[in-house]
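Participant: Have a peek at coords_15.cif (mmCIF, C-alpha atoms and all ligand atoms).
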data_data
#
loop_
_atom_site.label_atom_id
_atom_site.label_comp_id
_atom_site.auth_asym_id
_atom_site.auth_seq_id
_atom_site.Cartn_x
_atom_site.Cartn_y
_atom_site.Cartn_z
CA MET F 201 50.07 -167.63 172.00
CA THR F 202 52.86 -170.17 171.82
CA ALA F 203 55.69 -167.83 170.88
CA PRO F 204 58.68 -168.26 173.17
CA SER F 205 58.35 -164.75 174.54
CA PRO F 206 59.17 -164.20 178.20
CA PRO F 207 56.19 -163.89 180.53
CA ARG F 208 55.35 -160.47 181.94
CA ALA F 209 58.02 -159.81 184.52
CA THR F 210 56.84 -159.17 188.06
CA VAL F 211 60.37 -158.60 189.34
CA PRO F 212 63.20 -157.17 187.29
CA PHE F 213 65.72 -159.39 185.50
CA PRO F 214 69.24 -157.94 185.66
CA ALA F 215 69.77 -157.98 181.89
CA ARG F 216 67.86 -157.25 178.72
CA ALA F 217 68.03 -157.42 174.97
CA VAL F 218 66.94 -154.07 173.60
CA ILE F 219 65.45 -154.45 170.14
CA ASP F 220 65.48 -151.45 167.82
CA LEU F 221 62.28 -151.88 165.81
CA ALA F 222 63.04 -148.85 163.67
CA ALA F 223 66.28 -150.54 162.63
CA ILE F 224 64.37 -153.68 161.62
CA ALA F 225 61.97 -151.60 159.52
CA ALA F 226 64.85 -149.65 157.94
CA ASN F 227 66.82 -152.83 157.18
CA VAL F 228 63.80 -154.23 155.34
CA GLY F 229 63.75 -150.99 153.35
CA VAL F 230 67.40 -151.56 152.36
CA LEU F 231 66.64 -155.15 151.31
CA LYS F 232 63.57 -154.05 149.37
CA GLN F 233 65.65 -151.60 147.43
CA ARG F 234 68.20 -154.32 146.61
CA ALA F 235 65.37 -156.61 145.51
CA GLY F 236 64.14 -154.20 142.84
CA ALA F 237 60.63 -155.15 141.80
CA ALA F 238 60.62 -158.34 143.88
CA GLU F 239 58.63 -158.63 147.10
CA VAL F 240 60.30 -159.16 150.46
CA MET F 241 59.48 -162.13 152.69
CA ALA F 242 60.98 -161.36 156.09
CA VAL F 243 62.13 -164.58 157.73
CA VAL F 244 61.11 -164.52 161.41
CA LYS F 245 61.86 -168.11 162.43
CA ALA F 246 63.51 -168.89 165.77
CA ASP F 247 61.71 -166.07 167.57
CA ALA F 248 62.84 -163.69 164.84
CA TYR F 249 66.47 -164.75 165.30
CA GLY F 250 66.08 -164.04 169.02
CA HIS F 251 64.57 -160.58 168.54
CA GLY F 252 60.97 -161.49 169.44
CA LEU F 253 58.60 -163.03 166.89
CA VAL F 254 55.55 -160.80 166.84
CA ARG F 255 57.08 -157.37 167.38
CA SER F 256 59.83 -158.06 164.86
CA ALA F 257 57.31 -159.35 162.32
CA GLN F 258 55.20 -156.23 162.74
CA ALA F 259 58.26 -154.02 162.33
CA ALA F 260 59.32 -155.89 159.19
CA LEU F 261 55.83 -155.48 157.71
CA ALA F 262 55.89 -151.79 158.60
CA GLY F 263 59.23 -151.58 156.78
CA GLY F 264 57.79 -152.95 153.56
CA ALA F 265 57.87 -156.74 153.81
CA SER F 266 54.72 -158.28 152.33
CA TRP F 267 55.32 -161.90 153.42
CA LEU F 268 56.66 -163.60 156.54
CA GLY F 269 58.65 -166.84 156.51
CA VAL F 270 59.14 -169.34 159.33
CA ALA F 271 60.52 -172.86 159.61
CA GLN F 272 57.99 -174.38 161.99
CA LEU F 273 54.21 -174.42 161.90
CA THR F 274 54.17 -173.54 165.61
CA GLU F 275 55.79 -170.25 164.64
CA ALA F 276 53.25 -169.58 161.89
CA MET F 277 50.38 -170.33 164.26
CA ALA F 278 51.86 -167.99 166.89
CA LEU F 279 51.83 -165.18 164.31
CA ARG F 280 48.20 -165.89 163.47
CA ALA F 281 47.26 -166.09 167.16
CA ALA F 282 48.79 -162.64 167.62
CA GLY F 283 46.56 -161.27 164.87
CA VAL F 284 49.16 -161.08 162.10
CA THR F 285 47.24 -161.49 158.83
CA ALA F 286 50.08 -161.10 156.30
CA PRO F 287 50.85 -164.14 154.13
CA VAL F 288 53.03 -166.62 156.03
CA LEU F 289 55.06 -169.52 154.63
CA ALA F 290 56.23 -172.38 156.90
CA TRP F 291 58.59 -174.91 155.33
CA LEU F 292 59.82 -177.52 157.81
CA HIS F 293 57.53 -180.41 158.72
CA ALA F 294 57.59 -183.97 159.98
CA PRO F 295 54.73 -186.45 159.61
CA GLY F 296 51.64 -185.55 161.66
CA ALA F 297 52.51 -181.85 161.45
CA GLY F 298 49.05 -180.39 162.07
CA PHE F 299 48.40 -179.30 158.50
CA ALA F 300 44.63 -179.02 159.10
CA GLN F 301 45.04 -176.16 161.58
CA ALA F 302 47.58 -174.50 159.30
CA ILE F 303 45.22 -174.67 156.31
CA GLU F 304 42.43 -173.26 158.48
CA ALA F 305 44.76 -170.41 159.50
CA ASP F 306 45.63 -169.67 155.86
CA VAL F 307 49.30 -170.53 156.21
CA ASP F 308 51.20 -171.40 153.03
CA LEU F 309 52.91 -174.75 153.43
CA GLY F 310 56.38 -175.33 152.04
CA VAL F 311 56.42 -178.88 150.68
CA SER F 312 59.61 -180.86 150.06
CA ALA F 313 58.39 -184.41 149.52
CA THR F 314 55.50 -186.37 148.11
CA TRP F 315 54.49 -187.76 151.51
CA MET F 316 54.19 -184.19 152.76
CA LEU F 317 52.04 -183.20 149.84
CA ASP F 318 49.77 -186.20 150.41
CA GLU F 319 49.36 -185.32 154.09
CA VAL F 320 48.54 -181.74 153.18
CA ALA F 321 46.00 -182.90 150.60
CA ALA F 322 44.37 -185.28 153.09
CA ALA F 323 44.05 -182.44 155.62
CA ALA F 324 42.61 -180.17 152.95
CA ARG F 325 40.00 -182.75 151.86
CA ALA F 326 39.01 -183.33 155.49
CA SER F 327 38.46 -179.62 156.07
CA GLY F 328 36.84 -178.95 152.70
CA ARG F 329 39.39 -176.26 151.89
CA THR F 330 42.13 -175.84 149.31
CA ALA F 331 45.59 -175.84 150.84
CA ARG F 332 48.10 -173.25 149.64
CA VAL F 333 51.41 -174.99 149.02
CA GLN F 334 54.82 -173.89 147.81
CA LEU F 335 57.02 -176.60 146.37
CA LYS F 336 60.63 -176.59 147.48
CA ALA F 337 63.34 -177.84 145.13
CA ASP F 338 66.78 -178.98 146.23
CA THR F 339 68.90 -177.33 143.53
CA GLY F 340 72.17 -178.23 145.22
CA LEU F 341 72.03 -177.44 148.93
CA GLY F 342 71.62 -181.11 149.75
CA ARG F 343 69.28 -180.44 152.68
CA ASN F 344 65.50 -180.33 152.40
CA GLY F 345 63.64 -179.75 149.15
CA ALA F 346 62.78 -182.31 146.49
CA TYR F 347 65.85 -183.48 144.63
CA LEU F 348 66.29 -182.12 141.16
CA PHE F 349 69.16 -184.09 139.77
CA PRO F 350 68.67 -187.42 138.06
CA VAL F 351 70.09 -190.42 139.82
CA GLY F 352 71.25 -193.38 137.72
CA THR F 353 70.18 -193.64 134.12
CA ASP F 354 66.63 -192.32 134.33
CA SER F 355 66.95 -188.60 133.68
CA THR F 356 63.32 -187.63 134.20
CA ALA F 357 61.95 -189.49 137.20
CA THR F 358 63.48 -187.20 139.78
CA ASP F 359 61.89 -186.38 143.10
CA TRP F 360 61.10 -182.90 141.79
CA SER F 361 59.20 -184.00 138.71
CA ALA F 362 57.27 -186.54 140.79
CA LEU F 363 56.35 -183.81 143.27
CA VAL F 364 55.28 -181.46 140.49
CA ASP F 365 53.11 -184.09 138.81
CA ARG F 366 51.46 -185.03 142.09
CA ALA F 367 50.80 -181.37 142.89
CA ARG F 368 49.23 -180.82 139.48
CA ALA F 369 46.91 -183.80 140.00
CA LEU F 370 45.90 -182.49 143.43
CA GLU F 371 45.25 -179.05 141.94
CA ALA F 372 42.81 -180.67 139.52
CA GLU F 373 40.74 -181.95 142.44
CA GLU F 374 41.15 -178.60 144.26
CA ALA F 375 42.82 -180.16 147.28
CA VAL F 376 45.83 -177.89 146.83
CA ARG F 377 46.83 -174.80 144.97
CA VAL F 378 50.52 -174.30 144.22
CA THR F 379 51.16 -170.68 145.16
CA GLY F 380 54.93 -170.79 144.99
CA LEU F 381 58.12 -172.53 143.95
CA PHE F 382 61.33 -172.03 145.88
CA THR F 383 64.84 -173.23 146.66
CA HIS F 384 67.72 -172.29 148.94
CA PHE F 385 71.39 -171.49 148.29
CA ALA F 386 74.34 -173.40 149.73
CA TYR F 387 77.00 -170.70 149.24
CA ALA F 388 75.27 -167.34 148.88
CA ASP F 389 77.79 -165.75 151.26
CA ALA F 390 80.50 -166.47 148.65
CA PRO F 391 78.87 -164.95 145.55
CA GLN F 392 81.70 -166.07 143.23
CA HIS F 393 81.33 -169.71 144.23
CA PRO F 394 80.32 -171.78 141.18
CA THR F 395 77.31 -173.26 142.99
CA VAL F 396 75.69 -169.81 143.11
CA GLN F 397 75.36 -169.70 139.33
CA ALA F 398 74.69 -173.43 139.08
CA GLN F 399 71.79 -173.24 141.51
CA GLN F 400 70.25 -170.31 139.64
CA THR F 401 70.41 -172.35 136.43
CA ALA F 402 68.99 -175.40 138.18
CA PHE F 403 66.14 -173.37 139.70
CA ALA F 404 65.26 -171.94 136.30
CA GLU F 405 65.01 -175.53 135.04
CA ALA F 406 62.89 -176.55 138.03
CA VAL F 407 60.54 -173.62 137.43
CA ALA F 408 60.31 -174.41 133.71
CA LEU F 409 59.50 -178.04 134.43
CA ALA F 410 56.75 -177.01 136.87
CA GLU F 411 55.28 -174.46 134.50
CA ARG F 412 55.33 -176.94 131.61
CA ALA F 413 53.36 -179.27 133.87
CA GLY F 414 50.75 -176.53 134.23
CA LEU F 415 51.59 -174.99 137.61
CA ARG F 416 51.07 -171.22 137.81
CA PRO F 417 52.80 -170.05 141.00
CA GLU F 418 52.33 -166.52 142.34
CA VAL F 419 55.87 -166.35 143.69
CA ARG F 420 59.17 -167.97 142.71
CA HIS F 421 61.99 -167.32 145.15
CA MET F 422 65.48 -168.41 146.16
CA SER F 423 67.42 -165.52 147.76
CA ASN F 424 68.36 -165.49 151.43
CA SER F 425 70.00 -162.41 152.96
CA ALA F 426 73.38 -162.94 151.34
CA ALA F 427 71.93 -163.50 147.86
CA THR F 428 69.58 -160.52 148.23
CA LEU F 429 72.56 -158.29 148.97
CA THR F 430 75.13 -159.73 146.57
CA THR F 431 73.30 -161.54 143.73
CA PRO F 432 70.38 -159.35 142.62
CA ALA F 433 69.88 -161.46 139.47
CA ALA F 434 68.51 -164.22 141.71
CA ALA F 435 65.63 -162.13 143.09
CA TRP F 436 62.86 -163.62 140.88
CA ASP F 437 59.45 -162.54 142.32
CA MET F 438 60.48 -162.43 145.96
CA VAL F 439 63.52 -162.47 148.25
CA ARG F 440 63.59 -164.28 151.55
CA PRO F 441 66.09 -162.60 153.90
CA GLY F 442 66.34 -163.38 157.61
CA LEU F 443 69.61 -162.32 159.20
CA ALA F 444 69.92 -159.02 157.32
CA VAL F 445 66.46 -157.97 158.55
CA TYR F 446 68.07 -157.82 161.99
CA GLY F 447 70.97 -155.78 160.65
CA LEU F 448 73.73 -158.38 160.78
CA THR F 449 75.98 -159.08 157.83
CA PRO F 450 75.24 -162.42 156.17
CA ALA F 451 78.54 -162.33 154.28
CA PRO F 452 81.26 -160.93 156.54
CA GLU F 453 83.91 -161.76 153.89
CA VAL F 454 82.07 -159.53 151.42
CA GLY F 455 81.00 -156.66 153.64
CA SER F 456 80.15 -155.47 157.14
CA SER F 457 76.67 -154.45 158.25
CA ALA F 458 77.62 -150.83 157.58
CA ASP F 459 78.94 -151.69 154.11
CA PHE F 460 75.51 -153.10 153.27
CA GLY F 461 73.66 -150.19 154.93
CA LEU F 462 72.28 -152.37 157.70
CA VAL F 463 71.90 -151.48 161.39
CA PRO F 464 72.13 -154.28 164.00
CA ALA F 465 68.86 -154.28 165.93
CA MET F 466 69.81 -156.09 169.13
CA THR F 467 71.77 -154.63 172.03
CA ALA F 468 72.47 -157.08 174.86
CA ILE F 469 72.94 -155.38 178.22
CA ALA F 470 73.44 -156.70 181.75
CA GLU F 471 73.69 -154.86 185.05
CA ALA F 472 76.87 -155.40 187.04
CA SER F 473 76.20 -157.46 190.15
CA VAL F 474 79.03 -157.80 192.67
CA VAL F 475 82.09 -155.59 192.13
CA LYS F 476 85.09 -156.23 194.34
CA ALA F 477 88.76 -155.41 194.68
CA VAL F 478 91.10 -158.40 194.79
CA PRO F 479 94.89 -158.71 195.01
CA ALA F 480 97.26 -160.03 192.35
CA GLY F 481 97.20 -163.78 191.95
CA GLN F 482 93.47 -164.33 192.48
CA GLY F 483 92.19 -167.15 190.28
CA VAL F 484 88.85 -166.29 188.64
CA SER F 485 85.82 -168.53 188.06
CA TYR F 486 85.73 -172.34 187.78
CA GLY F 487 89.07 -173.94 187.18
CA HIS F 488 90.93 -170.65 187.67
CA THR F 489 91.78 -170.42 183.97
CA TYR F 490 92.46 -166.70 184.56
CA THR F 491 94.52 -165.18 187.37
CA THR F 492 94.76 -161.48 188.14
CA SER F 493 98.18 -160.10 187.29
CA GLY F 494 97.92 -157.19 189.73
CA PRO F 495 95.43 -155.70 192.16
CA ALA F 496 92.18 -155.59 190.24
CA ASN F 497 88.49 -154.89 190.35
CA LEU F 498 86.41 -157.90 189.37
CA VAL F 499 82.92 -157.33 188.01
CA ASP F 500 80.40 -160.17 188.21
CA VAL F 501 78.00 -160.07 185.24
CA PRO F 502 74.66 -161.89 185.74
CA LEU F 503 74.40 -163.66 182.36
CA GLY F 504 75.76 -167.08 181.51
CA TYR F 505 75.56 -169.94 179.08
CA ALA F 506 71.97 -170.60 180.16
CA ASP F 507 71.26 -167.20 178.62
CA GLY F 508 73.12 -167.94 175.42
CA VAL F 509 76.49 -166.46 176.37
CA PRO F 510 78.66 -169.13 174.75
CA ARG F 511 80.90 -171.01 177.18
CA HIS F 512 83.43 -170.89 174.38
CA ALA F 513 83.55 -167.12 174.95
CA SER F 514 85.52 -167.80 178.14
CA GLY F 515 88.66 -165.67 178.00
CA LEU F 516 87.87 -164.53 174.46
CA ALA F 517 84.88 -162.24 173.95
CA GLU F 518 84.81 -158.63 175.09
CA VAL F 519 82.19 -156.46 176.76
CA MET F 520 81.99 -152.71 177.30
CA ILE F 521 81.57 -151.12 180.74
CA ASN F 522 81.33 -147.35 181.12
CA GLY F 523 83.02 -146.78 177.78
CA ARG F 524 85.88 -149.27 178.17
CA ARG F 525 86.18 -152.70 176.65
CA HIS F 526 87.33 -155.70 178.66
CA ARG F 527 87.77 -159.36 177.89
CA ILE F 528 85.83 -161.99 179.82
CA ALA F 529 88.09 -163.32 182.60
CA GLY F 530 88.00 -167.07 183.13
CA ARG F 531 85.12 -169.38 182.40
CA VAL F 532 81.59 -168.37 181.52
CA CYS F 533 79.31 -170.13 184.04
CA MET F 534 75.65 -171.06 183.73
CA ASP F 535 74.30 -167.75 185.09
CA GLN F 536 77.27 -165.40 185.25
CA PHE F 537 80.73 -164.47 184.12
CA VAL F 538 83.46 -162.21 185.45
CA VAL F 539 85.35 -159.29 183.96
CA ASP F 540 88.67 -157.96 185.28
CA VAL F 541 88.41 -154.20 184.83
CA GLY F 542 91.82 -153.48 186.35
CA ASP F 543 91.75 -150.13 188.11
CA GLN F 544 88.56 -148.92 186.42
CA GLN F 545 85.91 -147.85 188.94
CA VAL F 546 82.70 -149.77 188.38
CA THR F 547 79.63 -149.79 190.63
CA ALA F 548 77.02 -152.51 191.06
CA GLY F 549 74.21 -151.73 188.63
CA ASP F 550 76.45 -150.18 185.98
CA GLU F 551 75.62 -151.29 182.43
CA VAL F 552 77.67 -154.03 180.86
CA ILE F 553 77.09 -154.05 177.10
CA LEU F 554 77.84 -157.44 175.59
CA PHE F 555 77.13 -156.46 172.00
CA GLY F 556 75.18 -153.91 170.03
CA PRO F 557 75.32 -151.99 166.76
CA GLY F 558 78.89 -150.90 167.62
CA ASP F 559 78.31 -147.17 167.25
CA ARG F 560 79.35 -146.44 170.84
CA GLY F 561 82.47 -148.59 170.61
CA GLU F 562 80.82 -151.69 172.03
CA PRO F 563 81.47 -155.10 170.49
CA THR F 564 79.06 -156.36 167.85
CA ALA F 565 77.48 -159.79 167.47
CA GLN F 566 79.94 -160.25 164.60
CA ASP F 567 82.85 -159.54 167.00
CA TRP F 568 81.47 -162.17 169.37
CA ALA F 569 81.09 -164.65 166.52
CA GLU F 570 84.72 -164.13 165.48
CA ALA F 571 85.96 -164.41 169.08
CA VAL F 572 84.07 -167.64 169.64
CA GLY F 573 84.56 -169.21 166.21
CA THR F 574 80.93 -169.26 165.13
CA ILE F 575 78.58 -167.12 163.04
CA ASN F 576 76.65 -164.02 164.12
CA TYR F 577 73.40 -165.94 163.49
CA GLU F 578 74.15 -168.15 166.47
CA ILE F 579 75.06 -165.29 168.80
CA VAL F 580 71.69 -163.51 168.52
CA THR F 581 69.49 -166.57 167.99
CA ARG F 582 70.74 -168.31 171.10
CA PHE F 583 70.41 -165.26 173.30
CA GLY F 584 68.15 -166.92 175.81
CA PRO F 585 64.43 -166.71 176.52
CA ARG F 586 65.19 -165.97 180.20
CA VAL F 587 66.41 -162.53 179.15
CA PRO F 588 63.55 -160.06 178.56
CA ARG F 589 63.30 -158.31 175.20
CA GLU F 590 62.68 -154.58 175.40
CA TYR F 591 61.47 -152.71 172.37
CA ALA F 592 62.68 -149.30 171.30
CA GLY F 593 62.23 -147.16 168.22
CA ALA F 594 58.76 -148.45 167.33
CA PRO F 595 58.15 -147.93 163.62
CA VAL F 596 55.16 -145.82 162.70
CA GLY F 597 51.99 -147.88 162.71
CA ALA F 598 53.20 -150.57 165.12
CA GLU F 599 50.94 -151.29 168.06
CA GLU F 600 52.03 -150.71 171.63
CA GLU F 601 53.43 -153.65 173.50
CA THR F 602 50.54 -155.58 175.00
CA TRP F 603 52.14 -158.07 177.33
C1 LIG N 701 66.63 -169.41 157.33
C2 LIG N 701 66.20 -169.41 155.93
C3 LIG N 701 66.21 -168.21 155.19
C4 LIG N 701 66.84 -166.94 155.68
O1 LIG N 701 68.24 -167.10 155.66
P1 LIG N 701 69.22 -165.88 156.03
O2 LIG N 701 70.57 -166.39 155.73
O3 LIG N 701 69.02 -165.63 157.50
O4 LIG N 701 68.80 -164.73 155.23
C5 LIG N 701 65.64 -168.23 153.93
N1 LIG N 701 65.12 -169.37 153.42
C6 LIG N 701 65.14 -170.54 154.09
C7 LIG N 701 64.58 -171.75 153.45
C8 LIG N 701 65.70 -170.61 155.36
O5 LIG N 701 65.73 -171.77 156.02
#
Take the structure I supplied and represent it as structure tokens, if you would.

Facilitator:
Amino acid sequence: MTAPSPPRATVPFPARAVIDLAAIAANVGVLKQRAGAAEVMAVVKADAYGHGLVRSAQAALAGGASWLGVAQLTEAMALRAAGVTAPVLAWLHAPGAGFAQAIEADVDLGVSATWMLDEVAAAARASGRTARVQLKADTGLGRNGAYLFPVGTDSTATDWSALVDRARALEAEEAVRVTGLFTHFAYADAPQHPTVQAQQTAFAEAVALAERAGLRPEVRHMSNSAATLTTPAAAWDMVRPGLAVYGLTPAPEVGSSADFGLVPAMTAIAEASVVKAVPAGQGVSYGHTYTTSGPANLVDVPLGYADGVPRHASGLAEVMINGRRHRIAGRVCMDQFVVDVGDQQVTAGDEVILFGPGDRGEPTAQDWAEAVGTINYEIVTRFGPRVPREYAGAPVGAEEETW
């Protein structure tokens, strides 16, 4: 298996990310309810946003997802290697992507360009199979996807119509079958933004063009987490949430996790290493950007930027130790950072909670994102592969951990 899961530990690591699989399953249930009759594709790219690819995927399926979505083919193949048989869509490819293995493994291929479609068709012909492809339209994000809007005076020869026509021709020779049509929002976290309506209109046109050309997709989809939660009219046949599956709010301006009925699934915990009493005036960590203002207990926490604790969190983010919250003192280093706990008594080995669901008063990934000036996506996704994932709250039907 090629998933970036940590190897079986033979000695303990002094920190862990505890993943609440029951929360993942329940969050999918919330999204499914929002989606009405539409199916749920749980997006599990980037090691399931740092939560662990295979276990998170299984929990999402147990919670009612019927599809899985990933960016990279390596991620799709890791799911298949782990025995996951649910439909999987992978949508980000460069030339020479390994489409033959993906077709063999029954992975749906998201296709954004004619060259991609031709490579897929060549791989399908070589293996004597029909590739399952889903055509991706750029309805306004300006990222990947085939471009929908006419350029210059020719209002029909757009990238999208060329892709559709090519796909239809390849269907005729049974090299490909178009199983889906999809697109992605630019501004779904701001549901009133005019692009949200404009992209829905554009996608309806893209679908109509494809269907007029004779394509008969099984699924038409455009909604990420934010759209699933705030723009139900965009659900079509399937929604495609990622972040919300893990319980984090995709639209903090609109609502918190709790407002949306979501439970954050990751709790990041370290064990205090060295604890020592120092006098007033002690500079802390590289560059002494923090100095103790009185006699203080300093707690050394064995996680650093190599583990995804942002260096920008230096002096900004908070952690919770034995029920009390403290700000990081001085710079975050590669493997560790320091907390000034004042006169609080802390012992080596005590738990330092960086972030969690927040129900015990600990900071959340959203709090960290605000402290650091980024988004909650980045806080959990970058939580490093050196830190073991531990699974709790296994949903009914999930297998026991095997590694
Ligand atoms: C990442 C991604 C998603 C999921 O987005 P969230 O904001 O995490 O819900 C859905 N579709 C595509 C194409 C993506 O790249």

Participant: Would you mind listing the residues within 7 Å of ligand LIG 701 (chain N), counting all atoms listed in the file, as JSON, numbers by chain?

Facilitator: {"F": [243, 271, 383, 384, 423, 424, 425, 426, 440, 441, 442, 443, 444, 450]}

Participant: Do you have the CA of Leu268 in chain F-CA of Val230 in chain F distance handy?

Facilitator: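 Interatomic distance here is 16.7 Å.
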
Participant: Of the candidates F:Ala386, F:Ala278, F:Thr285, F:Leu363, which one gets nearest to Met316 in chain F if we count only C-alpha atoms?

Facilitator: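 That would be F:Leu363, the residue with the smallest distance to Met316 in chain F.
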
Participant: For a test of reading the model, state the distance in Å between CA of Val270 in chain F and CA of Ala413 in chain F, rounded to one decimal.

Facilitator: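 The value is 27.9 Å.
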
Participant: For range 439-455 of chain F, I'd like the enclosing box, axis-aligned and padded by 6 Å on every side, reported as AutoDock Vina command-line options with centre and edge lengths in Å to one decimal.

Facilitator:
--center_x 73.7 --center_y -160.0 --center_z 155.1 --size_x 32.4 --size_y 20.5 --size_z 25.7
